[in-house]
Structure formats: C-alpha cells, structure tokens
Amino acid sequence: MRILCLDYGDARIGVAVSDPLGMTAQMLETIKWRNDINKPIQRIKELVGSLGCKTILVGLPRNMDGSVGPRELKTRDFIKLLQDSISDVDVIPYDERLTTVMAQRAMHDMGINAKNQKNRIDQMAAAFILQDYLDSVK
C-alpha cells in the first residue's frame with residue numbers, strides 16, 4: 001500500500017510517495033498555495049485517489065529541543081483539516097526535524113543552487129521524511 005507524504009508550509013507543500021512495496025520514497029510534486037487551503041486539500045484528494053494511498057504522513061516540525069512551537073501548531077491544524085476532509089485515509093504526524101536542512105545539503109552536494117530550487121527542496125524534504133518513516137517501520 002502506497003503512502004503519501006507531505007512537507008507542509010505556508011506557501012508550498014512538498015509531496016513524496018512510497019513505491020508500491022513501501023520500501024523507497026520518491027519525490028512527486030510541490031503544491032503551491034497561499035491563502036486558499038482548499039487548493040492543496042483538493043490536490044491531495046486527487047493524489048490519494050489516483051495513487052491508491054490509504055495513509056498520509058505529514059511532517060511535524062518540532063523545535064530542536066522537542067518543544068511545541070507555532071509551526072507545529074499550524075501543521076496540527078492542517079492535519080485536522082486533512083482528517084476532516086479525507087475520511088478514508090489515516091493521517092499520521094511524523095517528526096521532521098532537520099529534513100529541510102538535509103534536502104538543502106543534498107542539493108548543494110549535487111551542485112544545485114538550492115535558492116533557485118525551493119520547489120525541489122520541499123519535495124526532497126518530503127521524501128526524506130517518508131524514507132525515515134519507511135526505514136523505522138521495517
């Protein structure tokens with residue numbers, strides 16, 4: 001069963017998906033949005049349907065000391081909205097600390113200017129979150 005993973009942000013949501021065997025994460029797309037939360041919710045519904053996902057993993061941005069901050073509270077509101085909007089999937093929050101930094105470093109190591117690749121960074125961060133989850137449940 002495939003898992004969809006989201007790296008939620010105020011303007012963009014990075015999306016990754018697992019392979020059908022649930023072993024590897026692949027970058028999928030970036031959903032651009034601002035001020036209209038219905039746009040990403042609709043696109044996520046479409047992806048869940050077309051990919052046959054029964055689980056949505058959402059990166060939870062905890063503070064480095066493990067405390068709850070404003071980003072986590074916003075993300076929890078988004079998770080609640082997903083749960084209310086897409087009732088036939090499990091929505092799982094998952095610790096995402098440092099995934100954006102890891103994505104930026106990976107792009108730097110590949111010789112890609114991360115400043116010009118924000119969409120790809122969001123997708124890569126979602127893939128890192130998902131791969132960490134997949135590795136943890138093996």
# chains A, B, ... in the order shown; residues from 1 in each chain; ligands from 1
>>> select_by_dssp(residues="chain A", states="strand (DSSP E or B)", output="MDAnalysis selection string")
chainID A and resid 3:8 12:18 25:32 55:60 90:95
>>> select_by_dssp(residues="segment 59-88 of chain A", states="alpha helix (DSSP H)", output="list in words")
Pro70, Arg71, Glu72, Leu73, Lys74, Thr75, Arg76, Asp77, Phe78, Ile79, Lys80, Leu81, Leu82, Gln83, Asp84 and Ser85 of chain A
>>> closest_residue(among="A:Asn35, A:Gln131, A:Gln42, A:Gln83", to="Gly22 of chain A", atoms="only C-alpha atoms")
A:Gln131
>>> residues_around(residues="Thr75 of chain A", least_positions_apart="5", cutoff="9 Å", atoms="only C-alpha atoms", output="PDB file with N, CA and C atoms, in the first residue's frame")
ATOM      1  N   TYR A   8       4.435  20.217   4.875  1.00  0.00           N
ATOM      2  CA  TYR A   8       3.515  21.354   4.858  1.00  0.00           C
ATOM      3  C   TYR A   8       4.225  22.674   5.131  1.00  0.00           C
ATOM      4  N   GLY A   9       3.895  23.679   4.323  1.00  0.00           N
ATOM      5  CA  GLY A   9       4.405  25.031   4.525  1.00  0.00           C
ATOM      6  C   GLY A   9       3.346  26.055   4.168  1.00  0.00           C
ATOM      7  N   VAL A  58       2.428  13.255   7.507  1.00  0.00           N
ATOM      8  CA  VAL A  58       2.645  14.700   7.471  1.00  0.00           C
ATOM      9  C   VAL A  58       3.820  15.027   8.382  1.00  0.00           C
ATOM     10  N   GLY A  59       4.831  15.689   7.828  1.00  0.00           N
ATOM     11  CA  GLY A  59       5.984  16.096   8.621  1.00  0.00           C
ATOM     12  C   GLY A  59       5.569  17.065   9.712  1.00  0.00           C
ATOM     13  N   LEU A  60       5.950  16.756  10.937  1.00  0.00           N
ATOM     14  CA  LEU A  60       5.608  17.585  12.093  1.00  0.00           C
ATOM     15  C   LEU A  60       6.849  18.353  12.532  1.00  0.00           C
ATOM     16  N   PRO A  61       6.840  19.680  12.358  1.00  0.00           N
ATOM     17  CA  PRO A  61       8.034  20.489  12.640  1.00  0.00           C
ATOM     18  C   PRO A  61       8.192  20.827  14.123  1.00  0.00           C
ATOM     19  N   PRO A  70       5.031  27.441  17.132  1.00  0.00           N
ATOM     20  CA  PRO A  70       3.938  27.887  16.262  1.00  0.00           C
ATOM     21  C   PRO A  70       3.826  27.104  14.954  1.00  0.00           C
ATOM     22  N   LYS A  80      -5.616  18.214  11.101  1.00  0.00           N
ATOM     23  CA  LYS A  80      -7.031  18.098  11.482  1.00  0.00           C
ATOM     24  C   LYS A  80      -7.920  18.344  10.268  1.00  0.00           C
ATOM     25  N   PRO A  93       1.044  12.139  11.894  1.00  0.00           N
ATOM     26  CA  PRO A  93       2.112  13.139  12.039  1.00  0.00           C
ATOM     27  C   PRO A  93       3.439  12.427  12.300  1.00  0.00           C
TER      28      PRO A  93
END
>>> closest_residue(among="A:Ile79, A:Ile13, A:Ala125, A:Ile56", to="Lys39 of chain A", atoms="only C-alpha atoms")
A:Ile13
